[in-house]
Amino acid sequence: TGDRIVLGIESSCDETGAGIVRLGRDGTLELLADEVASSVEQHARYGGVVPEVASRAHLEAMIPTMSRALEKSGMTLDDVDSIAVTAGPGLAGALLVGVSAAKAYAAALDKPLYGVNHLAGHVAADTLEHGPLPSPCVALLVSGGHSQLLLVEDLAGKITEIGSTIDDAAGEAYDKVARVLDLPYPGGPPIDKLAKTGNGCAIAFPRGLTGPRDAKYDFSFSGLKTAVARWVENRERDGLEVPLADVAASFQEAVADVLTGKAIRAVKDLGVDTLVISGGVAANSRLSGLAAERCAAAGITLRVPRPRLCTDNGAMIAAVGAHLVAADAEPSGLNLATDPGLPV
Ligand code: KG4
Ligand code: ZN
């Protein structure tokens with residue numbers, strides 16, 4: 001039929017993902033399967049991802065996750081035409097598990113192997129839900145490991161970083177503030193929930209790097225995290241009750257305000273008309289709500305994939321693989337190396 005089946009493998013952090021995408025002859029993408037096994041519960045007691053624990057979990061989950069994806073898609077390994085795998089950025093040992101598995105499948109099936117950038121994957125996730133992206137567009141990538149503004153010209157090649165965090169990632173700030181507030185890891189969902197019952201204007205927490213001389217598109221969240229910790233400490237020292245919901249809402253407001261403010265500024269400065277927000281933090285209700293408000297007011301098209309596609313998964317890697325196949329890109333070959341610090 002001319003359709004091509006692309007298998008995507010993701011293992012850069014604590015999610016083992018296997019996704020299967022059909023690339024139509026007309027270039028359309030169809031999501032056939034998206035199976036994810038997470039080791040997040042094994043990391044919860046440490047308050048963050050433990051690399052060795054993640055690697056071992058990938059090793060155990062890789063083949064079962066792959067089998068489930070094939071089963072859900074109704075495909076067999078023989079139907080797979082190309083294999084895409086996250087080559088970086090990410091945890092060194094975790095990446096190795098996925099890349100080794102992908103090489104084994106590529107060698108056994110004699111199919112081309114494509115090394116994929118994880119960050120491109122987060123952007124490509126949106127094309128599985130909302131179709132092709134206009135070129136160029138701006139992407140705000142916010143997860144536990146990344147906070148970046150990207151100019152996306154071509155998912156198969158040309159993505160440029162225009163800004164990034166100079167310290168903590170947005171999700172990392174959520175996880176650290178959750179610890180201050182005695183909330184479980186990962187901190188995003190419980191803070192989001194608690195914030196709904198609080199007042200986001202109650203406490204004026206600092207908006208990092210928003211002064212006139214600061215880098216226009218860079219972020220800083222470590223000062224905000226410290227400000228929240230200080231504020232809570234001071235209340236406790238004075239023997240006052242800590243209004244947890246107001247603290248959560250005010251922290252969340254500061255994060256959403258800075259992220260949407262800088263993203264919209266980039267969209268306007270660069271003269272594009274579409275903003276994509278992806279990564280685990282894109283699931284945040286205030287971030288998506290405020291972004292929707294501000295984009296509507298500025299005449300910007302906002303695209304946010306459903307939460308399931310925002311967090312790490314194999315389908316988004318298959319989506320980049322499909323874009324590479326469609327663009328007739330050169331496969332990486334079996335000597336593909338992992339690169340924990342791979343730039344976008
Ligand atoms: O993309 P992701 O699943 O993994 C990577 O880091 O690559 O993102 C996980 C991060 C965690 O820091 C988590 O606290 C945050 O996303 N997160 C949220 C929400 N859901 C998850 N942050 C804010 N609000 C949420 N609703
Ligand atoms: Zn990610």
# chains A, B, ... in the order shown; residues from 1 in each chain; ligands from 1
call {"tool": "closest_atom_pairs", "arguments": {"of": "chain A", "to": "ligand 2", "cutoff": "12 Å", "atoms": "only C-alpha atoms and all ligand atoms", "output": "JSON lines"}}
result
{"residue": "A:Glu10", "atom": "CA", "partner": "ligand 2", "partner_atom_place_in_ligand_line": "1 (Zn)", "distance": 9.3}
{"residue": "A:Ser11", "atom": "CA", "partner": "ligand 2", "partner_atom_place_in_ligand_line": "1 (Zn)", "distance": 9.6}
{"residue": "A:Ser12", "atom": "CA", "partner": "ligand 2", "partner_atom_place_in_ligand_line": "1 (Zn)", "distance": 7.5}
{"residue": "A:Cys13", "atom": "CA", "partner": "ligand 2", "partner_atom_place_in_ligand_line": "1 (Zn)", "distance": 7.4}
{"residue": "A:Asp14", "atom": "CA", "partner": "ligand 2", "partner_atom_place_in_ligand_line": "1 (Zn)", "distance": 9.4}
{"residue": "A:Glu15", "atom": "CA", "partner": "ligand 2", "partner_atom_place_in_ligand_line": "1 (Zn)", "distance": 8.9}
{"residue": "A:Thr16", "atom": "CA", "partner": "ligand 2", "partner_atom_place_in_ligand_line": "1 (Zn)", "distance": 11.4}
{"residue": "A:Gly17", "atom": "CA", "partner": "ligand 2", "partner_atom_place_in_ligand_line": "1 (Zn)", "distance": 11.2}
{"residue": "A:Thr86", "atom": "CA", "partner": "ligand 2", "partner_atom_place_in_ligand_line": "1 (Zn)", "distance": 10.3}
{"residue": "A:Gly88", "atom": "CA", "partner": "ligand 2", "partner_atom_place_in_ligand_line": "1 (Zn)", "distance": 10.2}
{"residue": "A:Pro89", "atom": "CA", "partner": "ligand 2", "partner_atom_place_in_ligand_line": "1 (Zn)", "distance": 9.0}
{"residue": "A:Gly90", "atom": "CA", "partner": "ligand 2", "partner_atom_place_in_ligand_line": "1 (Zn)", "distance": 8.4}
{"residue": "A:Leu91", "atom": "CA", "partner": "ligand 2", "partner_atom_place_in_ligand_line": "1 (Zn)", "distance": 11.1}
{"residue": "A:Asn117", "atom": "CA", "partner": "ligand 2", "partner_atom_place_in_ligand_line": "1 (Zn)", "distance": 10.2}
{"residue": "A:His118", "atom": "CA", "partner": "ligand 2", "partner_atom_place_in_ligand_line": "1 (Zn)", "distance": 6.5}
{"residue": "A:Leu119", "atom": "CA", "partner": "ligand 2", "partner_atom_place_in_ligand_line": "1 (Zn)", "distance": 6.8}
{"residue": "A:Ala120", "atom": "CA", "partner": "ligand 2", "partner_atom_place_in_ligand_line": "1 (Zn)", "distance": 9.8}
{"residue": "A:Gly121", "atom": "CA", "partner": "ligand 2", "partner_atom_place_in_ligand_line": "1 (Zn)", "distance": 8.2}
{"residue": "A:His122", "atom": "CA", "partner": "ligand 2", "partner_atom_place_in_ligand_line": "1 (Zn)", "distance": 6.5}
{"residue": "A:Val123", "atom": "CA", "partner": "ligand 2", "partner_atom_place_in_ligand_line": "1 (Zn)", "distance": 10.1}
{"residue": "A:Ala124", "atom": "CA", "partner": "ligand 2", "partner_atom_place_in_ligand_line": "1 (Zn)", "distance": 11.9}
{"residue": "A:Ala125", "atom": "CA", "partner": "ligand 2", "partner_atom_place_in_ligand_line": "1 (Zn)", "distance": 10.8}
{"residue": "A:Leu141", "atom": "CA", "partner": "ligand 2", "partner_atom_place_in_ligand_line": "1 (Zn)", "distance": 8.6}
{"residue": "A:Val142", "atom": "CA", "partner": "ligand 2", "partner_atom_place_in_ligand_line": "1 (Zn)", "distance": 8.3}
{"residue": "A:Ser143", "atom": "CA", "partner": "ligand 2", "partner_atom_place_in_ligand_line": "1 (Zn)", "distance": 6.0}
{"residue": "A:Gly144", "atom": "CA", "partner": "ligand 2", "partner_atom_place_in_ligand_line": "1 (Zn)", "distance": 7.3}
{"residue": "A:Gly145", "atom": "CA", "partner": "ligand 2", "partner_atom_place_in_ligand_line": "1 (Zn)", "distance": 6.8}
{"residue": "A:His146", "atom": "CA", "partner": "ligand 2", "partner_atom_place_in_ligand_line": "1 (Zn)", "distance": 7.3}
{"residue": "A:Ser147", "atom": "CA", "partner": "ligand 2", "partner_atom_place_in_ligand_line": "1 (Zn)", "distance": 10.1}
{"residue": "A:Gln148", "atom": "CA", "partner": "ligand 2", "partner_atom_place_in_ligand_line": "1 (Zn)", "distance": 11.5}
{"residue": "A:Ala169", "atom": "CA", "partner": "ligand 2", "partner_atom_place_in_ligand_line": "1 (Zn)", "distance": 11.3}
{"residue": "A:Gly171", "atom": "CA", "partner": "ligand 2", "partner_atom_place_in_ligand_line": "1 (Zn)", "distance": 10.5}
{"residue": "A:Ser278", "atom": "CA", "partner": "ligand 2", "partner_atom_place_in_ligand_line": "1 (Zn)", "distance": 9.0}
{"residue": "A:Gly279", "atom": "CA", "partner": "ligand 2", "partner_atom_place_in_ligand_line": "1 (Zn)", "distance": 5.9}
{"residue": "A:Gly280", "atom": "CA", "partner": "ligand 2", "partner_atom_place_in_ligand_line": "1 (Zn)", "distance": 7.3}
{"residue": "A:Val281", "atom": "CA", "partner": "ligand 2", "partner_atom_place_in_ligand_line": "1 (Zn)", "distance": 10.1}
{"residue": "A:Ala282", "atom": "CA", "partner": "ligand 2", "partner_atom_place_in_ligand_line": "1 (Zn)", "distance": 11.3}
{"residue": "A:Arg308", "atom": "CA", "partner": "ligand 2", "partner_atom_place_in_ligand_line": "1 (Zn)", "distance": 11.9}
{"residue": "A:Leu309", "atom": "CA", "partner": "ligand 2", "partner_atom_place_in_ligand_line": "1 (Zn)", "distance": 10.3}
{"residue": "A:Cys310", "atom": "CA", "partner": "ligand 2", "partner_atom_place_in_ligand_line": "1 (Zn)", "distance": 8.1}
{"residue": "A:Thr311", "atom": "CA", "partner": "ligand 2", "partner_atom_place_in_ligand_line": "1 (Zn)", "distance": 6.2}
{"residue": "A:Asp312", "atom": "CA", "partner": "ligand 2", "partner_atom_place_in_ligand_line": "1 (Zn)", "distance": 4.8}
{"residue": "A:Asn313", "atom": "CA", "partner": "ligand 2", "partner_atom_place_in_ligand_line": "1 (Zn)", "distance": 8.1}
{"residue": "A:Gly314", "atom": "CA", "partner": "ligand 2", "partner_atom_place_in_ligand_line": "1 (Zn)", "distance": 10.6}
{"residue": "A:Met316", "atom": "CA", "partner": "ligand 2", "partner_atom_place_in_ligand_line": "1 (Zn)", "distance": 10.0}
{"residue": "A:Ile317", "atom": "CA", "partner": "ligand 2", "partner_atom_place_in_ligand_line": "1 (Zn)", "distance": 10.6}
call {"tool": "write_last_selection", "arguments": {"atoms": "N, CA and C atoms", "output": "short mmCIF file (atom, residue, chain, number, x, y, z; two decimals), in the first residue's frame"}}
result
data_model
loop_
_atom_site.label_atom_id
_atom_site.label_comp_id
_atom_site.auth_asym_id
_atom_site.auth_seq_id
_atom_site.Cartn_x
_atom_site.Cartn_y
_atom_site.Cartn_z
N GLU A 10 11.80 4.56 23.51
CA GLU A 10 12.22 5.66 24.38
C GLU A 10 12.69 5.09 25.72
N SER A 11 13.86 5.55 26.19
CA SER A 11 14.34 5.10 27.51
C SER A 11 15.28 6.13 28.13
N SER A 12 15.02 7.43 27.89
CA SER A 12 16.01 8.43 28.33
C SER A 12 15.95 8.76 29.81
N CYS A 13 14.80 8.49 30.45
CA CYS A 13 14.68 8.85 31.87
C CYS A 13 14.03 7.70 32.63
N ASP A 14 12.83 7.87 33.15
CA ASP A 14 12.24 6.79 33.95
C ASP A 14 11.04 6.13 33.26
N GLU A 15 10.82 6.44 31.97
CA GLU A 15 9.74 5.79 31.24
C GLU A 15 10.31 4.92 30.13
N THR A 16 9.88 3.64 30.10
CA THR A 16 10.23 2.77 28.99
C THR A 16 9.07 2.85 28.01
N GLY A 17 9.34 3.35 26.81
CA GLY A 17 8.25 3.52 25.86
C GLY A 17 8.48 2.77 24.57
N THR A 86 15.52 6.93 20.92
CA THR A 86 16.09 8.12 21.55
C THR A 86 17.59 7.91 21.75
N GLY A 88 19.54 10.63 22.73
CA GLY A 88 19.88 11.61 23.75
C GLY A 88 18.95 12.81 23.61
N PRO A 89 18.97 13.79 24.49
CA PRO A 89 19.69 13.77 25.75
C PRO A 89 18.96 12.91 26.79
N GLY A 90 19.67 12.55 27.85
CA GLY A 90 19.07 11.73 28.89
C GLY A 90 20.12 11.10 29.78
N LEU A 91 19.69 10.14 30.59
CA LEU A 91 20.61 9.45 31.50
C LEU A 91 21.41 8.42 30.70
N ASN A 117 16.49 12.69 18.54
CA ASN A 117 16.66 13.60 19.66
C ASN A 117 15.35 13.63 20.48
N HIS A 118 15.49 13.37 21.77
CA HIS A 118 14.33 13.30 22.66
C HIS A 118 13.49 14.59 22.63
N LEU A 119 14.17 15.73 22.51
CA LEU A 119 13.45 17.02 22.53
C LEU A 119 12.60 17.18 21.28
N ALA A 120 13.14 16.75 20.13
CA ALA A 120 12.36 16.76 18.90
C ALA A 120 11.14 15.86 19.07
N GLY A 121 11.32 14.76 19.81
CA GLY A 121 10.22 13.84 20.07
C GLY A 121 9.07 14.52 20.80
N HIS A 122 9.39 15.31 21.83
CA HIS A 122 8.33 16.00 22.58
C HIS A 122 7.53 16.92 21.67
N VAL A 123 8.19 17.58 20.73
CA VAL A 123 7.47 18.46 19.80
C VAL A 123 6.64 17.63 18.82
N ALA A 124 7.26 16.56 18.30
CA ALA A 124 6.58 15.70 17.31
C ALA A 124 5.34 15.03 17.88
N ALA A 125 5.31 14.84 19.22
CA ALA A 125 4.15 14.21 19.85
C ALA A 125 2.87 14.91 19.43
N LEU A 141 9.01 23.61 25.72
CA LEU A 141 9.19 22.25 26.20
C LEU A 141 9.45 22.29 27.70
N VAL A 142 8.51 21.79 28.47
CA VAL A 142 8.65 21.87 29.93
C VAL A 142 8.43 20.51 30.57
N SER A 143 9.50 19.94 31.15
CA SER A 143 9.38 18.63 31.79
C SER A 143 10.22 18.62 33.05
N GLY A 144 10.43 17.42 33.60
CA GLY A 144 11.25 17.31 34.79
C GLY A 144 12.71 17.58 34.49
N GLY A 145 13.12 17.37 33.26
CA GLY A 145 14.52 17.54 32.89
C GLY A 145 14.79 18.75 32.01
N HIS A 146 13.75 19.33 31.41
CA HIS A 146 13.98 20.39 30.42
C HIS A 146 13.01 21.54 30.56
N SER A 147 13.50 22.73 30.28
CA SER A 147 12.63 23.91 30.11
C SER A 147 13.28 24.71 29.01
N GLN A 148 12.68 24.64 27.82
CA GLN A 148 13.30 25.26 26.66
C GLN A 148 12.29 25.90 25.75
N ALA A 169 14.86 22.87 35.91
CA ALA A 169 13.75 22.75 34.95
C ALA A 169 12.45 23.05 35.70
N GLY A 171 9.65 21.37 35.87
CA GLY A 171 9.15 20.21 36.60
C GLY A 171 9.97 19.94 37.86
N SER A 278 4.67 21.30 25.24
CA SER A 278 4.74 19.86 25.47
C SER A 278 5.68 19.54 26.64
N GLY A 279 5.73 18.28 27.04
CA GLY A 279 6.50 17.87 28.21
C GLY A 279 5.54 17.71 29.39
N GLY A 280 5.98 17.00 30.42
CA GLY A 280 5.12 16.67 31.55
C GLY A 280 4.40 17.86 32.18
N VAL A 281 5.08 19.01 32.25
CA VAL A 281 4.49 20.18 32.91
C VAL A 281 3.37 20.79 32.07
N ALA A 282 3.30 20.44 30.77
CA ALA A 282 2.22 20.94 29.92
C ALA A 282 0.87 20.43 30.42
N ARG A 308 -1.13 12.35 28.04
CA ARG A 308 -0.50 11.06 27.75
C ARG A 308 0.63 11.20 26.71
N LEU A 309 0.45 12.12 25.75
CA LEU A 309 1.48 12.33 24.72
C LEU A 309 2.51 13.36 25.16
N CYS A 310 2.19 14.14 26.22
CA CYS A 310 3.12 15.16 26.72
C CYS A 310 4.27 14.53 27.50
N THR A 311 3.95 13.48 28.27
CA THR A 311 5.00 12.84 29.06
C THR A 311 5.77 11.88 28.16
N ASP A 312 6.93 11.41 28.64
CA ASP A 312 7.80 10.59 27.80
C ASP A 312 7.08 9.34 27.28
N ASN A 313 7.25 9.07 26.00
CA ASN A 313 6.62 7.89 25.39
C ASN A 313 7.36 7.50 24.11
N GLY A 314 7.09 6.28 23.63
CA GLY A 314 7.78 5.81 22.44
C GLY A 314 7.13 6.30 21.15
N MET A 316 6.13 9.26 20.39
CA MET A 316 6.69 10.54 19.92
C MET A 316 8.04 10.32 19.22
N ILE A 317 8.75 9.27 19.63
CA ILE A 317 10.03 8.94 18.98
C ILE A 317 9.75 8.31 17.61
#
call {"tool": "closest_atom_pairs", "arguments": {"of": "range 225-323 of chain A", "to": "range 178-191 of chain A", "cutoff": "12 Å", "atoms": "only C-alpha atoms", "output": "CSV"}}
result
residue,atom,partner,partner_atom,distance
A:Lys225,CA,A:Val180,CA,9.0
A:Thr226,CA,A:Val180,CA,9.7
A:Ala227,CA,A:Val180,CA,11.0
A:Val228,CA,A:Val180,CA,8.1
A:Ala229,CA,A:Val180,CA,6.2
A:Arg230,CA,A:Val180,CA,9.8
A:Trp231,CA,A:Val180,CA,10.4
A:Val232,CA,A:Val180,CA,8.0
A:Glu233,CA,A:Val180,CA,9.3
A:Glu236,CA,A:Leu181,CA,12.0
A:Val242,CA,A:Leu181,CA,9.3
A:Pro243,CA,A:Leu181,CA,10.2
A:Leu244,CA,A:Leu181,CA,7.0
A:Ala245,CA,A:Ile191,CA,8.3
A:Asp246,CA,A:Ile191,CA,10.5
A:Val247,CA,A:Leu181,CA,8.7
A:Ala248,CA,A:Ile191,CA,5.8
A:Ala249,CA,A:Ile191,CA,7.8
A:Ser250,CA,A:Ile191,CA,10.5
A:Phe251,CA,A:Ile191,CA,9.1
A:Gln252,CA,A:Ile191,CA,7.8
A:Glu253,CA,A:Ile191,CA,11.3
A:Val255,CA,A:Gly188,CA,11.6
A:Gly279,CA,A:Gly188,CA,11.9
A:Gly280,CA,A:Gly188,CA,8.6
A:Val281,CA,A:Gly188,CA,7.1
A:Ala282,CA,A:Gly188,CA,10.2
A:Ala283,CA,A:Pro189,CA,8.5
A:Asn284,CA,A:Gly188,CA,7.3
A:Ser285,CA,A:Pro189,CA,9.5
A:Arg286,CA,A:Ile191,CA,10.8
A:Leu287,CA,A:Gly188,CA,11.5
A:Pro307,CA,A:Pro189,CA,11.6
call {"tool": "write_last_selection", "arguments": {"atoms": "C-alpha atoms", "output": "mmCIF file, in the first residue's frame"}}
result
data_model
loop_
_atom_site.group_PDB
_atom_site.id
_atom_site.type_symbol
_atom_site.label_atom_id
_atom_site.label_comp_id
_atom_site.auth_asym_id
_atom_site.auth_seq_id
_atom_site.Cartn_x
_atom_site.Cartn_y
_atom_site.Cartn_z
ATOM 1 C CA LYS A 225 12.001 27.569 44.754
ATOM 2 C CA THR A 226 14.204 29.223 47.412
ATOM 3 C CA ALA A 227 11.703 32.064 47.845
ATOM 4 C CA VAL A 228 8.908 29.571 48.515
ATOM 5 C CA ALA A 229 11.071 27.679 51.034
ATOM 6 C CA ARG A 230 12.028 30.940 52.829
ATOM 7 C CA TRP A 231 8.441 32.142 52.938
ATOM 8 C CA VAL A 232 7.273 28.884 54.511
ATOM 9 C CA GLU A 233 10.213 28.863 56.991
ATOM 10 C CA GLU A 236 6.743 28.582 60.769
ATOM 11 C CA VAL A 242 1.112 28.062 56.564
ATOM 12 C CA PRO A 243 -1.685 28.566 54.001
ATOM 13 C CA LEU A 244 -0.587 25.620 51.852
ATOM 14 C CA ALA A 245 -3.153 26.094 49.085
ATOM 15 C CA ASP A 246 -2.237 29.777 48.669
ATOM 16 C CA VAL A 247 1.479 28.943 48.587
ATOM 17 C CA ALA A 248 0.879 26.248 45.944
ATOM 18 C CA ALA A 249 -1.366 28.540 43.869
ATOM 19 C CA SER A 250 1.031 31.497 44.096
ATOM 20 C CA PHE A 251 4.016 29.332 43.142
ATOM 21 C CA GLN A 252 2.051 27.843 40.245
ATOM 22 C CA GLU A 253 1.011 31.325 39.121
ATOM 23 C CA VAL A 255 5.718 29.502 36.935
ATOM 24 C CA GLY A 279 6.504 17.871 28.213
ATOM 25 C CA GLY A 280 5.120 16.673 31.553
ATOM 26 C CA VAL A 281 4.489 20.181 32.913
ATOM 27 C CA ALA A 282 2.223 20.938 29.921
ATOM 28 C CA ALA A 283 -0.338 18.869 31.853
ATOM 29 C CA ASN A 284 -0.498 21.727 34.390
ATOM 30 C CA SER A 285 -3.966 23.238 34.472
ATOM 31 C CA ARG A 286 -2.856 26.810 35.165
ATOM 32 C CA LEU A 287 -0.118 26.734 32.509
ATOM 33 C CA PRO A 307 -1.226 14.638 28.764
#
call {"tool": "select_by_dssp", "arguments": {"residues": "range 98-329 of chain A", "states": "strand (DSSP E)", "output": "PyMOL selection string"}}
result
chain A and resi 113-117+137-142+147-152+159-164+274-278+301-303
call {"tool": "write_last_selection", "arguments": {"atoms": "C-alpha atoms", "output": "PDB file, in the first residue's frame"}}
result
ATOM      1  CA  LEU A 113      17.737   2.451  12.465  1.00  0.00           C
ATOM      2  CA  TYR A 114      17.294   6.156  13.193  1.00  0.00           C
ATOM      3  CA  GLY A 115      18.748   7.886  16.271  1.00  0.00           C
ATOM      4  CA  VAL A 116      16.302  10.534  17.463  1.00  0.00           C
ATOM      5  CA  ASN A 117      16.655  13.605  19.659  1.00  0.00           C
ATOM      6  CA  CYS A 137       6.520  27.546  14.898  1.00  0.00           C
ATOM      7  CA  VAL A 138       7.678  27.981  18.487  1.00  0.00           C
ATOM      8  CA  ALA A 139       7.666  25.143  21.014  1.00  0.00           C
ATOM      9  CA  LEU A 140       7.792  25.469  24.791  1.00  0.00           C
ATOM     10  CA  LEU A 141       9.186  22.248  26.203  1.00  0.00           C
ATOM     11  CA  VAL A 142       8.648  21.868  29.933  1.00  0.00           C
ATOM     12  CA  SER A 147      12.635  23.907  30.105  1.00  0.00           C
ATOM     13  CA  GLN A 148      13.304  25.257  26.663  1.00  0.00           C
ATOM     14  CA  LEU A 149      11.978  27.505  23.974  1.00  0.00           C
ATOM     15  CA  LEU A 150      12.576  26.105  20.502  1.00  0.00           C
ATOM     16  CA  LEU A 151      12.159  27.503  17.024  1.00  0.00           C
ATOM     17  CA  VAL A 152      10.920  24.544  14.991  1.00  0.00           C
ATOM     18  CA  ILE A 159      15.133  22.879  15.427  1.00  0.00           C
ATOM     19  CA  THR A 160      16.948  25.745  17.146  1.00  0.00           C
ATOM     20  CA  GLU A 161      17.077  26.445  20.856  1.00  0.00           C
ATOM     21  CA  ILE A 162      16.256  30.104  21.489  1.00  0.00           C
ATOM     22  CA  GLY A 163      16.100  29.916  25.280  1.00  0.00           C
ATOM     23  CA  SER A 164      16.433  27.520  28.191  1.00  0.00           C
ATOM     24  CA  THR A 274       1.640  28.850  16.422  1.00  0.00           C
ATOM     25  CA  LEU A 275       2.842  27.865  19.892  1.00  0.00           C
ATOM     26  CA  VAL A 276       3.176  24.208  20.930  1.00  0.00           C
ATOM     27  CA  ILE A 277       3.527  23.353  24.619  1.00  0.00           C
ATOM     28  CA  SER A 278       4.737  19.857  25.474  1.00  0.00           C
ATOM     29  CA  THR A 301      -2.806  29.303  17.708  1.00  0.00           C
ATOM     30  CA  LEU A 302      -2.027  27.187  20.780  1.00  0.00           C
ATOM     31  CA  ARG A 303      -1.442  23.446  20.473  1.00  0.00           C
TER      32      ARG A 303
END
call {"tool": "select_by_dssp", "arguments": {"residues": "range 4-153 of chain A", "states": "alpha helix (DSSP H)", "output": "PyMOL selection string"}}
result
chain A and resi 40-43+51-73+92-109+118-130
call {"tool": "write_last_selection", "arguments": {"atoms": "C-alpha atoms", "output": "PDB file, in the first residue's frame"}}
result
ATOM      1  CA  VAL A  40       8.434   6.501  38.881  1.00  0.00           C
ATOM      2  CA  GLU A  41       7.192   4.647  41.979  1.00  0.00           C
ATOM      3  CA  GLN A  42      10.636   3.159  42.551  1.00  0.00           C
ATOM      4  CA  HIS A  43      12.105   6.684  42.631  1.00  0.00           C
ATOM      5  CA  PRO A  51      19.851   6.591  37.357  1.00  0.00           C
ATOM      6  CA  GLU A  52      20.859   3.038  38.293  1.00  0.00           C
ATOM      7  CA  VAL A  53      17.324   2.156  39.353  1.00  0.00           C
ATOM      8  CA  ALA A  54      16.004   3.580  36.069  1.00  0.00           C
ATOM      9  CA  SER A  55      18.467   1.558  33.951  1.00  0.00           C
ATOM     10  CA  ARG A  56      17.562  -1.691  35.643  1.00  0.00           C
ATOM     11  CA  ALA A  57      13.843  -0.976  35.275  1.00  0.00           C
ATOM     12  CA  HIS A  58      14.313  -0.301  31.529  1.00  0.00           C
ATOM     13  CA  LEU A  59      16.100  -3.610  31.154  1.00  0.00           C
ATOM     14  CA  GLU A  60      13.201  -5.448  32.766  1.00  0.00           C
ATOM     15  CA  ALA A  61      10.451  -3.535  30.973  1.00  0.00           C
ATOM     16  CA  MET A  62      11.858  -3.218  27.442  1.00  0.00           C
ATOM     17  CA  ILE A  63      10.763  -6.485  25.845  1.00  0.00           C
ATOM     18  CA  PRO A  64       7.366  -6.774  27.598  1.00  0.00           C
ATOM     19  CA  THR A  65       6.564  -3.146  26.643  1.00  0.00           C
ATOM     20  CA  MET A  66       7.561  -3.829  23.048  1.00  0.00           C
ATOM     21  CA  SER A  67       5.398  -6.975  22.944  1.00  0.00           C
ATOM     22  CA  ARG A  68       2.400  -5.066  24.286  1.00  0.00           C
ATOM     23  CA  ALA A  69       2.825  -2.345  21.659  1.00  0.00           C
ATOM     24  CA  LEU A  70       2.963  -4.883  18.840  1.00  0.00           C
ATOM     25  CA  GLU A  71      -0.084  -6.679  20.217  1.00  0.00           C
ATOM     26  CA  LYS A  72      -2.121  -3.454  20.577  1.00  0.00           C
ATOM     27  CA  SER A  73      -1.235  -2.334  17.060  1.00  0.00           C
ATOM     28  CA  ALA A  92      23.613   7.578  30.078  1.00  0.00           C
ATOM     29  CA  GLY A  93      22.757   4.092  31.340  1.00  0.00           C
ATOM     30  CA  ALA A  94      19.052   4.478  30.588  1.00  0.00           C
ATOM     31  CA  LEU A  95      19.732   5.579  27.001  1.00  0.00           C
ATOM     32  CA  LEU A  96      22.038   2.600  26.467  1.00  0.00           C
ATOM     33  CA  VAL A  97      19.256   0.134  27.222  1.00  0.00           C
ATOM     34  CA  GLY A  98      16.955   1.586  24.557  1.00  0.00           C
ATOM     35  CA  VAL A  99      19.667   2.025  21.945  1.00  0.00           C
ATOM     36  CA  SER A 100      20.974  -1.515  22.496  1.00  0.00           C
ATOM     37  CA  ALA A 101      17.465  -2.937  22.147  1.00  0.00           C
ATOM     38  CA  ALA A 102      16.822  -0.882  19.001  1.00  0.00           C
ATOM     39  CA  LYS A 103      20.087  -2.067  17.448  1.00  0.00           C
ATOM     40  CA  ALA A 104      19.218  -5.672  18.225  1.00  0.00           C
ATOM     41  CA  TYR A 105      15.813  -5.331  16.543  1.00  0.00           C
ATOM     42  CA  ALA A 106      17.291  -3.441  13.570  1.00  0.00           C
ATOM     43  CA  ALA A 107      20.010  -6.058  13.080  1.00  0.00           C
ATOM     44  CA  ALA A 108      17.671  -9.023  13.494  1.00  0.00           C
ATOM     45  CA  LEU A 109      15.023  -7.587  11.146  1.00  0.00           C
ATOM     46  CA  HIS A 118      14.328  13.303  22.660  1.00  0.00           C
ATOM     47  CA  LEU A 119      13.454  17.018  22.533  1.00  0.00           C
ATOM     48  CA  ALA A 120      12.358  16.764  18.897  1.00  0.00           C
ATOM     49  CA  GLY A 121      10.218  13.838  20.069  1.00  0.00           C
ATOM     50  CA  HIS A 122       8.330  16.004  22.579  1.00  0.00           C
ATOM     51  CA  VAL A 123       7.467  18.463  19.802  1.00  0.00           C
ATOM     52  CA  ALA A 124       6.579  15.704  17.310  1.00  0.00           C
ATOM     53  CA  ALA A 125       4.151  14.212  19.855  1.00  0.00           C
ATOM     54  CA  ASP A 126       1.740  16.990  18.934  1.00  0.00           C
ATOM     55  CA  THR A 127       1.674  15.960  15.260  1.00  0.00           C
ATOM     56  CA  LEU A 128       0.208  12.588  16.325  1.00  0.00           C
ATOM     57  CA  GLU A 129      -2.812  14.385  17.748  1.00  0.00           C
ATOM     58  CA  HIS A 130      -3.196  17.594  15.732  1.00  0.00           C
TER      59      HIS A 130
END
call {"tool": "closest_residue", "arguments": {"among": "A:Val177, A:Ala87, A:Leu155, A:Leu133", "to": "Asn335 in chain A", "atoms": "only C-alpha atoms"}}
result
A:Ala87
call {"tool": "closest_residue", "arguments": {"among": "A:Leu334, A:Ala326, A:Ala254, A:Thr165", "to": "Ala215 in chain A", "atoms": "only C-alpha atoms"}}
result
A:Thr165
call {"tool": "residues_around", "arguments": {"residues": "Asp167 in chain A", "least_positions_apart": "6", "cutoff": "9 Å", "atoms": "only C-alpha atoms", "output": "number ranges by chain"}}
result
A: 219-222
call {"tool": "write_last_selection", "arguments": {"atoms": "N, CA and C atoms", "output": "PDB file, in the first residue's frame"}}
result
ATOM      1  N   PHE A 219      15.008  31.023  31.252  1.00  0.00           N
ATOM      2  CA  PHE A 219      14.234  30.876  32.472  1.00  0.00           C
ATOM      3  C   PHE A 219      15.165  30.618  33.657  1.00  0.00           C
ATOM      4  N   SER A 220      14.679  30.940  34.855  1.00  0.00           N
ATOM      5  CA  SER A 220      15.370  30.575  36.083  1.00  0.00           C
ATOM      6  C   SER A 220      14.317  30.250  37.127  1.00  0.00           C
ATOM      7  N   PHE A 221      14.386  29.051  37.710  1.00  0.00           N
ATOM      8  CA  PHE A 221      13.384  28.660  38.693  1.00  0.00           C
ATOM      9  C   PHE A 221      13.976  28.391  40.070  1.00  0.00           C
ATOM     10  N   SER A 222      15.320  28.450  40.188  1.00  0.00           N
ATOM     11  CA  SER A 222      15.886  28.076  41.479  1.00  0.00           C
ATOM     12  C   SER A 222      15.634  29.163  42.523  1.00  0.00           C
TER      13      SER A 222
END
